[in-house]
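Peer 1: Contents are compact mmCIF, C-alpha atoms and all ligand atoms; file name model_7.txt:
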# COMPACT_ATOMS: atom_id res chain seq x y z
CA MET A 1 -77.56 6.95 -124.60
CA GLN A 2 -74.21 6.25 -126.21
CA LEU A 3 -72.04 3.29 -125.21
CA GLY A 4 -68.44 2.76 -126.35
CA ILE A 5 -67.18 -0.83 -126.60
CA LEU A 6 -63.48 -1.34 -125.88
CA GLY A 7 -61.05 -3.95 -124.62
CA LEU A 8 -57.96 -5.92 -125.53
CA PRO A 9 -57.59 -7.24 -129.10
CA LYS A 10 -59.67 -10.34 -129.85
CA SER A 11 -61.73 -10.17 -126.67
CA GLY A 12 -64.93 -10.41 -128.72
CA LYS A 13 -65.88 -6.73 -128.98
CA THR A 14 -67.16 -6.90 -132.53
CA ALA A 15 -69.03 -10.16 -131.83
CA LEU A 16 -70.80 -8.32 -129.00
CA PHE A 17 -71.39 -5.24 -131.18
CA ASN A 18 -73.01 -7.49 -133.81
CA ALA A 19 -75.24 -9.11 -131.18
CA LEU A 20 -76.27 -5.72 -129.78
CA THR A 21 -77.00 -4.04 -133.08
CA ALA A 22 -77.94 -7.07 -135.21
CA SER A 23 -75.07 -6.14 -137.56
CA ARG A 24 -72.71 -8.29 -139.55
CA GLN A 25 -69.38 -6.57 -139.14
CA ALA A 26 -66.34 -8.76 -139.69
CA THR A 27 -64.94 -10.59 -136.69
CA GLY A 28 -61.81 -12.66 -136.99
CA LYS A 29 -59.23 -14.73 -135.28
CA PHE A 30 -56.12 -13.77 -137.12
CA ARG A 31 -56.02 -10.21 -138.33
CA ALA A 32 -56.26 -7.30 -135.90
CA SER A 33 -59.10 -5.03 -136.91
CA ASN A 34 -58.48 -1.37 -137.61
CA THR A 35 -61.98 -0.14 -138.29
CA THR A 36 -64.43 1.48 -135.92
CA ASN A 37 -68.00 0.23 -136.16
CA VAL A 38 -70.93 2.47 -135.32
CA GLY A 39 -74.47 1.18 -134.94
CA VAL A 40 -77.79 2.07 -133.43
CA ALA A 41 -80.09 -0.35 -131.61
CA ALA A 42 -83.68 0.09 -130.56
CA VAL A 43 -84.05 -0.56 -126.85
CA GLY A 44 -86.12 -3.71 -126.34
CA ASP A 45 -88.72 -3.12 -123.62
CA ARG A 46 -91.57 -5.51 -122.93
CA ARG A 47 -93.71 -2.78 -121.37
CA LEU A 48 -93.47 -0.66 -124.51
CA GLU A 49 -94.22 -3.68 -126.72
CA GLN A 50 -97.38 -4.34 -124.71
CA LEU A 51 -98.44 -0.73 -125.16
CA ARG A 52 -97.83 -1.02 -128.91
CA ASP A 53 -100.03 -4.11 -129.07
CA LEU A 54 -102.69 -2.30 -127.08
CA TYR A 55 -102.77 0.96 -129.08
CA ARG A 56 -101.68 -0.27 -132.54
CA PRO A 57 -100.20 3.19 -133.26
CA LYS A 58 -99.19 4.64 -136.64
CA ARG A 59 -95.67 5.18 -135.30
CA TYR A 60 -93.76 3.03 -132.84
CA VAL A 61 -90.64 4.71 -131.47
CA PRO A 62 -88.52 2.77 -128.95
CA ALA A 63 -85.58 4.54 -127.28
CA GLN A 64 -82.32 4.22 -129.19
CA VAL A 65 -78.81 3.46 -128.06
CA ARG A 66 -75.75 4.23 -130.15
CA PHE A 67 -72.85 1.79 -129.93
CA VAL A 68 -69.29 2.44 -131.05
CA ASP A 69 -66.90 -0.52 -131.36
CA VAL A 70 -63.23 0.44 -131.60
CA PRO A 71 -60.29 -1.79 -132.60
CA GLY A 72 -58.56 -3.67 -129.79
CA ILE A 73 -56.24 -1.64 -127.64
CA ASP A 74 -53.05 -3.18 -126.34
CA ARG A 75 -50.39 -1.56 -124.26
CA GLY A 76 -48.05 -0.96 -127.14
CA ARG A 77 -50.58 0.53 -129.52
CA GLY A 78 -52.90 2.15 -127.01
CA GLU A 79 -51.16 5.48 -126.95
CA THR A 80 -51.37 6.07 -130.65
CA LEU A 81 -54.97 5.01 -131.19
CA ASP A 82 -57.43 7.76 -131.76
CA LEU A 83 -59.94 7.39 -128.97
CA ALA A 84 -61.67 10.69 -129.69
CA GLU A 85 -64.84 8.84 -130.63
CA LEU A 86 -65.03 7.33 -127.14
CA ARG A 87 -64.67 10.63 -125.31
CA THR A 88 -68.19 11.64 -126.20
CA MET A 89 -69.71 8.37 -124.93
CA ASP A 90 -71.92 8.33 -121.84
CA ALA A 91 -70.42 5.07 -120.57
CA LEU A 92 -67.99 2.37 -121.66
CA VAL A 93 -68.49 -1.35 -122.20
CA HIS A 94 -65.20 -3.08 -121.46
CA VAL A 95 -65.13 -6.55 -122.99
CA VAL A 96 -62.88 -8.99 -121.14
CA ARG A 97 -62.09 -12.35 -122.65
CA ALA A 98 -63.10 -15.28 -120.45
CA PHE A 99 -63.68 -17.87 -123.19
CA GLU A 100 -61.21 -20.61 -124.01
CA ASP A 101 -60.09 -21.10 -127.59
CA ALA A 102 -56.84 -22.88 -128.22
CA GLU A 103 -56.59 -21.37 -131.71
CA LEU A 104 -56.91 -17.83 -130.47
CA LEU A 105 -53.84 -16.87 -128.50
CA HIS A 106 -54.37 -14.48 -125.64
CA LEU A 107 -52.24 -11.38 -125.69
CA ALA A 108 -51.06 -11.95 -122.13
CA GLY A 109 -50.50 -15.68 -122.60
CA ASP A 110 -53.54 -17.04 -120.78
CA VAL A 111 -57.17 -16.20 -120.07
CA ASP A 112 -57.57 -14.43 -116.74
CA PRO A 113 -60.69 -12.28 -116.45
CA GLN A 114 -59.66 -10.83 -113.11
CA ARG A 115 -56.39 -9.53 -114.55
CA GLY A 116 -58.17 -8.54 -117.73
CA HIS A 117 -60.06 -5.76 -116.05
CA ARG A 118 -57.73 -5.00 -113.16
CA ASP A 119 -55.39 -3.19 -115.49
CA ASP A 120 -58.17 -0.95 -116.72
CA ARG A 121 -55.75 0.07 -119.46
CA PRO A 122 -58.09 1.28 -122.15
CA GLY A 123 -58.96 4.28 -120.05
CA ALA A 124 -55.51 4.99 -118.68
CA ASP A 125 -55.97 8.74 -118.54
CA PRO A 126 -53.81 9.47 -115.49
CA ARG A 127 -50.69 8.81 -117.50
CA ARG A 128 -51.86 11.17 -120.19
CA LEU A 129 -52.76 13.80 -117.67
CA ARG A 130 -49.45 13.51 -115.92
CA GLY A 131 -47.63 13.87 -119.20
CA GLY A 132 -49.97 16.63 -120.32
CA GLY A 133 -51.05 14.70 -123.40
CA ALA A 134 -54.05 15.18 -125.61
CA ALA A 135 -56.60 14.32 -122.96
CA ALA A 136 -55.36 17.05 -120.69
CA SER A 137 -55.08 19.77 -123.26
CA ALA A 138 -58.27 19.29 -125.21
CA PRO A 139 -61.46 19.99 -123.34
CA ARG A 140 -64.47 19.34 -125.53
CA SER A 141 -65.60 22.91 -125.50
CA GLY A 142 -64.41 26.13 -124.03
CA ALA A 143 -67.84 26.78 -122.60
CA GLU A 144 -67.77 23.64 -120.47
CA GLU A 145 -64.37 24.52 -119.15
CA GLY A 146 -65.09 28.11 -118.19
CA ALA A 147 -63.98 31.01 -120.33
CA ASP A 148 -61.43 32.46 -117.94
CA ARG A 149 -59.36 29.34 -117.36
CA PRO A 150 -56.70 28.13 -119.79
CA GLY A 151 -57.78 24.77 -121.28
CA GLU A 152 -55.32 22.26 -119.95
CA THR A 153 -55.09 23.33 -116.33
CA GLY A 154 -58.60 22.37 -115.26
CA ALA A 155 -58.46 18.60 -115.50
CA ARG A 156 -54.87 18.34 -114.40
CA ALA A 157 -55.46 20.60 -111.43
CA ALA A 158 -58.41 18.49 -110.30
CA VAL A 159 -56.61 15.19 -110.71
CA GLY A 160 -53.32 16.69 -109.59
CA SER A 161 -54.60 16.92 -106.04
CA ARG A 162 -54.03 13.14 -105.93
CA PRO A 163 -50.32 12.89 -106.85
CA ALA A 164 -49.98 9.34 -105.48
CA ALA A 165 -52.87 8.15 -107.63
CA LEU A 166 -51.35 9.78 -110.68
CA GLU A 167 -48.00 8.12 -110.01
CA ALA A 168 -49.66 4.72 -109.64
CA GLU A 169 -51.79 5.39 -112.73
CA THR A 170 -54.91 4.59 -110.75
CA SER A 171 -58.12 4.69 -112.74
CA LEU A 172 -59.97 7.92 -111.98
CA ARG A 173 -63.07 5.79 -111.47
CA ARG A 174 -61.56 4.63 -108.19
CA LEU A 175 -61.09 8.13 -106.80
CA ASP A 176 -63.57 10.36 -105.02
CA PHE A 177 -63.77 13.94 -106.17
CA ASP A 178 -65.66 16.73 -104.49
CA ALA A 179 -68.28 18.68 -106.40
CA GLU A 180 -65.87 21.42 -107.40
CA GLU A 181 -63.24 19.00 -108.74
CA GLU A 182 -65.93 16.98 -110.47
CA LYS A 183 -67.12 20.13 -112.20
CA ARG A 184 -63.61 20.88 -113.42
CA LEU A 185 -63.16 17.35 -114.76
CA ARG A 186 -66.44 17.29 -116.62
CA GLY A 187 -66.12 18.18 -120.26
CA TYR A 188 -62.75 16.52 -120.74
CA GLY A 189 -64.43 13.22 -121.55
CA LEU A 190 -61.76 11.37 -119.57
CA LEU A 191 -62.25 7.67 -120.28
CA SER A 192 -61.19 6.42 -116.90
CA ARG A 193 -63.81 8.62 -115.23
CA LYS A 194 -66.72 7.27 -117.27
CA PRO A 195 -69.06 4.67 -115.75
CA MET A 196 -68.12 1.27 -117.09
CA LEU A 197 -69.86 -2.01 -117.69
CA LEU A 198 -67.49 -4.98 -117.61
CA VAL A 199 -68.71 -7.65 -119.96
CA LEU A 200 -67.09 -11.02 -119.31
CA ASN A 201 -67.18 -12.79 -122.62
CA VAL A 202 -67.74 -16.36 -121.43
CA ASP A 203 -67.94 -19.76 -123.11
CA GLU A 204 -71.30 -20.79 -124.54
CA GLU A 205 -71.91 -23.30 -121.73
CA LEU A 206 -71.84 -20.45 -119.21
CA ALA A 207 -74.11 -18.12 -121.19
CA GLY A 208 -77.07 -18.53 -118.83
CA ASP A 209 -75.17 -19.42 -115.66
CA PRO A 210 -75.98 -16.90 -112.90
CA ASP A 211 -72.57 -17.60 -111.34
CA ALA A 212 -70.62 -17.07 -114.56
CA ALA A 213 -69.07 -13.87 -113.21
CA ALA A 214 -68.53 -15.16 -109.67
CA GLY A 215 -65.07 -14.44 -108.35
CA VAL A 216 -64.53 -11.35 -110.47
CA ASP A 217 -65.09 -8.19 -108.48
CA ALA A 218 -66.21 -4.99 -110.09
CA PRO A 219 -64.37 -1.76 -109.19
CA PRO A 220 -66.33 1.37 -108.19
CA CYS A 221 -68.66 2.89 -110.80
CA THR A 222 -68.53 -0.41 -112.63
CA ASP A 223 -71.11 -3.07 -113.23
CA LEU A 224 -70.49 -6.66 -114.25
CA LEU A 225 -72.29 -8.86 -116.74
CA ALA A 226 -71.44 -12.26 -118.23
CA VAL A 227 -72.30 -12.63 -121.92
CA SER A 228 -71.37 -15.24 -124.49
CA ALA A 229 -70.81 -12.83 -127.35
CA ARG A 230 -70.48 -15.36 -130.13
CA LEU A 231 -73.56 -17.32 -129.09
CA GLU A 232 -75.59 -14.11 -128.84
CA GLU A 233 -74.25 -12.96 -132.19
CA GLU A 234 -75.47 -16.21 -133.75
CA ILE A 235 -78.89 -15.94 -132.08
CA SER A 236 -79.28 -12.33 -133.26
CA ARG A 237 -78.98 -13.58 -136.85
CA LEU A 238 -81.89 -16.00 -136.52
CA ASP A 239 -85.46 -15.29 -137.49
CA PRO A 240 -86.83 -13.12 -134.62
CA ALA A 241 -89.61 -15.68 -134.09
CA ASP A 242 -87.01 -18.35 -133.26
CA GLN A 243 -84.72 -16.26 -131.09
CA GLY A 244 -86.74 -16.72 -127.88
CA ASP A 245 -86.45 -20.53 -128.05
CA PHE A 246 -82.70 -20.41 -128.57
CA LEU A 247 -82.23 -17.93 -125.74
CA ALA A 248 -84.34 -20.11 -123.43
CA GLU A 249 -82.30 -23.14 -124.39
CA ALA A 250 -79.16 -21.26 -123.34
CA GLY A 251 -80.85 -20.41 -120.04
CA LEU A 252 -81.35 -16.74 -120.94
CA ASP A 253 -84.47 -14.72 -120.29
CA GLN A 254 -83.43 -11.67 -122.31
CA PRO A 255 -80.88 -11.15 -125.11
CA SER A 256 -77.65 -9.29 -124.36
CA ALA A 257 -79.05 -6.29 -126.24
CA VAL A 258 -81.59 -5.85 -123.45
CA ARG A 259 -79.28 -6.78 -120.58
CA VAL A 260 -76.43 -4.49 -121.66
CA VAL A 261 -78.74 -1.55 -122.21
CA GLN A 262 -80.50 -2.09 -118.87
CA ALA A 263 -77.11 -2.16 -117.14
CA GLY A 264 -76.18 1.06 -118.95
CA TYR A 265 -79.37 2.79 -117.79
CA GLU A 266 -78.67 1.58 -114.26
CA LEU A 267 -75.05 2.83 -114.28
CA LEU A 268 -76.08 6.22 -115.59
CA GLY A 269 -79.15 6.55 -113.38
CA LEU A 270 -81.56 6.70 -116.32
CA ILE A 271 -85.11 5.43 -116.68
CA SER A 272 -87.67 5.38 -119.49
CA PHE A 273 -91.15 6.73 -119.61
CA PHE A 274 -93.70 6.27 -122.36
CA THR A 275 -96.19 8.35 -124.25
CA VAL A 276 -99.08 6.52 -125.87
CA GLY A 277 -101.85 7.20 -128.34
CA GLU A 278 -103.15 6.08 -131.70
CA ASP A 279 -100.62 8.27 -133.52
CA GLU A 280 -97.54 7.24 -131.63
CA VAL A 281 -96.28 4.97 -128.88
CA ARG A 282 -92.89 6.19 -127.84
CA ALA A 283 -90.17 5.79 -125.19
CA TRP A 284 -88.26 8.70 -123.68
CA THR A 285 -85.20 8.70 -121.48
CA ILE A 286 -84.88 10.78 -118.30
CA ARG A 287 -82.83 10.76 -115.09
CA ARG A 288 -84.03 8.49 -112.30
CA GLY A 289 -85.81 10.57 -109.69
CA SER A 290 -87.14 13.12 -112.19
CA THR A 291 -90.66 14.33 -111.51
CA ALA A 292 -93.54 13.88 -113.93
CA VAL A 293 -93.25 17.60 -114.70
CA THR A 294 -89.60 17.23 -115.78
CA ALA A 295 -90.60 14.21 -117.87
CA ALA A 296 -93.23 16.31 -119.60
CA GLY A 297 -90.48 18.80 -120.44
CA ALA A 298 -88.54 16.07 -122.25
CA VAL A 299 -91.45 15.85 -124.70
CA HIS A 300 -91.98 19.59 -125.06
CA SER A 301 -91.30 22.61 -122.85
CA ASP A 302 -94.90 23.77 -123.41
CA ILE A 303 -96.20 20.61 -121.77
CA GLU A 304 -93.91 21.23 -118.80
CA ARG A 305 -95.10 24.84 -118.48
CA GLY A 306 -98.75 23.98 -118.85
CA PHE A 307 -98.59 20.74 -116.84
CA ILE A 308 -101.99 19.74 -115.48
CA ARG A 309 -101.75 16.40 -113.69
CA ALA A 310 -100.17 12.94 -113.66
CA GLU A 311 -102.11 9.72 -113.38
CA VAL A 312 -100.50 6.54 -112.07
CA THR A 313 -101.43 3.20 -113.62
CA ALA A 314 -100.41 -0.16 -112.21
CA TRP A 315 -98.46 -2.38 -114.56
CA ARG A 316 -97.28 -5.98 -114.40
CA THR A 317 -95.73 -8.44 -116.86
N1 LIG B 1 -65.13 -19.47 -128.60
C1 LIG B 1 -65.52 -18.20 -128.61
N2 LIG B 1 -65.04 -17.39 -129.56
C2 LIG B 1 -65.42 -16.11 -129.56
C3 LIG B 1 -66.34 -15.57 -128.61
N3 LIG B 1 -66.52 -14.27 -128.86
C4 LIG B 1 -65.75 -14.00 -129.95
N4 LIG B 1 -65.10 -15.10 -130.35
C5 LIG B 1 -64.21 -15.24 -131.50
O1 LIG B 1 -63.03 -14.53 -131.26
C6 LIG B 1 -62.54 -13.95 -132.48
C7 LIG B 1 -62.36 -12.46 -132.28
O2 LIG B 1 -63.62 -11.87 -132.08
P1 LIG B 1 -63.91 -10.35 -132.45
O3 LIG B 1 -65.30 -10.05 -132.06
O4 LIG B 1 -63.45 -10.04 -133.82
O5 LIG B 1 -62.89 -9.67 -131.38
P2 LIG B 1 -62.52 -8.14 -131.28
O6 LIG B 1 -62.31 -7.89 -129.81
O7 LIG B 1 -63.52 -7.30 -131.96
O8 LIG B 1 -61.13 -8.11 -132.04
P3 LIG B 1 -60.31 -6.81 -132.54
O9 LIG B 1 -61.31 -5.81 -133.03
O10 LIG B 1 -59.41 -7.31 -133.63
O11 LIG B 1 -59.56 -6.35 -131.34
C8 LIG B 1 -63.57 -14.27 -133.55
O12 LIG B 1 -63.13 -15.40 -134.26
C9 LIG B 1 -64.81 -14.60 -132.73
O13 LIG B 1 -65.69 -15.49 -133.41
C10 LIG B 1 -66.86 -16.46 -127.63
O14 LIG B 1 -67.67 -16.09 -126.78
N5 LIG B 1 -66.41 -17.76 -127.68
MG MG B 2 -63.29 -5.86 -133.46
Let's see the structure in the file written out as structure tokens.
Peer 2:
Amino acid sequence: MQLGILGLPKSGKTALFNALTASRQATGKFRASNTTNVGVAAVGDRRLEQLRDLYRPKRYVPAQVRFVDVPGIDRGRGETLDLAELRTMDALVHVVRAFEDAELLHLAGDVDPQRGHRDDRPGADPRRLRGGGAAASAPRSGAEEGADRPGETGARAAVGSRPAALEAETSLRRLDFDAEEEKRLRGYGLLSRKPMLLVLNVDEELAGDPDAAAGVDAPPCTDLLAVSARLEEEISRLDPADQGDFLAEAGLDQPSAVRVVQAGYELLGLISFFTVGEDEVRAWTIRRGSTAVTAAGAVHSDIERGFIRAEVTAWRT
């Protein structure tokens, strides 16, 4: 799974990226960043950890998630930023500032999480489509688009059946498309069509508050999570043996790395299954609702072809 982190400048994207990937990329109050950070995180899963402790395998292979953290996008600069990296992502993590910091001026003057995501600017594809910009004219591959159709017409034709939405620059996430239109849109990597996790970056005191995101409603195809990015960044730098205590003190059961990834799996309809043995304990990712036979195919097509049986084992924490 690949998740792209975006949002307004200084919303705490890199702080979150550091927490998720246990990295130490520079965050800062004063200078706008212009670098893209890429990192990979192993997916924390207590079930898999238990299996590792049980089998003590030679190799332990958790699922991996790739995170890409792009510089802040504001209305003025947004058009010129190269968002190509985000177009290949499975889903987006939109960081919205909800923390107070008198030293850190907010781009729009004050902190308002509801407004922060209502705009949905970072994925403002409709404007590009209407103007026939890069997003409309560059499908990711000719094969996805269909060999007999000129590149740029597919996406615009599909979206163009909603002229009012295009005029209003409505996020494509809010529109319903039929199967045929959906097929035409696929392959363009349109940002405003990708499933999105809204991360409200809240003050430390609210890190473990179940109501921290109350009052902010999530648009369609969007999930909502409150995280205190800076606190989690600090905890991720501690000795792993101490991290649990600090999380518990903040009222958190799991670190953001686990919560964000779980939300991503949920949004994309993905689940994990595990293979175990003395050689290797490993996690695999498949679509929710897949059969055991399909899962076997994720490991090797031979196992799918020669599938014998599945056994079900009860599990509890
Ligand atoms: N008080 C407080 N400060 C935070 C929090 N999260 C991030 N910050 C601070 O806000 C500043 C900006 O954070 P970054 O993570 O660099 O923000 P960014 O969105 O990556 O910024 P750009 O990449 O420049 O757009 C840093 O000084 C962070 O330490 C938070 O939850 N609370
Ligand atoms: Mg940054």
Peer 1: Please identify every residue of chain A that has at least one atom no farther than 6 Å from an atom of ligand MG 2 (chain B), counting all atoms listed in the file, and for each give the shortest atom pair and the distance in Å to one decimal, arranged by chain then increasing number, as CSV.
Peer 2:
residue,atom,partner,partner_atom,distance
A:Lys13,CA,B:MG2,MG,5.2
A:Thr14,CA,B:MG2,MG,4.1
A:Thr27,CA,B:MG2,MG,6.0
A:Ser33,CA,B:MG2,MG,5.5
A:Pro71,CA,B:MG2,MG,5.1
Peer 1: Collect all residues with atoms no farther than 9 Å from ligand LIG 1 (chain B), counting all atoms listed in the file, and output them as a ChimeraX atom specification.
Peer 2: /A:6-18,25-36,69-74,95-102,104,201-204,207,227-233
Peer 1: Which residue is closest to Glu181 in chain A? Choose from A:Arg162, A:Pro195, A:Leu238, A:Glu85 and count all atoms listed in the file.
Peer 2: A:Arg162
Peer 1: Please indicate the distance in Å from CA of Ala22 in chain A to CA of Gly44 in chain A, rounded to one decimal place.
Peer 2: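 The value is 12.5 Å.
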Peer 1: Hey, can I get the axis-aligned box for range 241-249 of chain A? All listed atoms, 8 Å padding on each side, centre and edge lengths in Å to one decimal, as lines of an AutoDock Vina configuration file.
Peer 2:
center_x = -85.9
center_y = -19.4
center_z = -128.8
size_x = 23.4
size_y = 23.5
size_z = 26.7
Peer 1: Between CA of Arg59 in chain A and CA of Ala298 in chain A, measure the distance and give it in Å to one decimal.
Peer 2: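 Answer for the CA of Arg59 in chain A to CA of Ala298 in chain A separation: 18.4 Å.
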Peer 1: Kindly indicate which residue among A:Met1, A:Val68, A:Val61, A:Val38 lies nearest to Glu280 in chain A, using only C-alpha atoms for the distances.
Peer 2: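 Among the listed residues, A:Val61 lies closest to Glu280 in chain A.
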Peer 1: What's the separation between CA of Leu200 in chain A and CA of Val216 in chain A, in Å to one decimal place?
Peer 2: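 So the answer is 9.2 Å.
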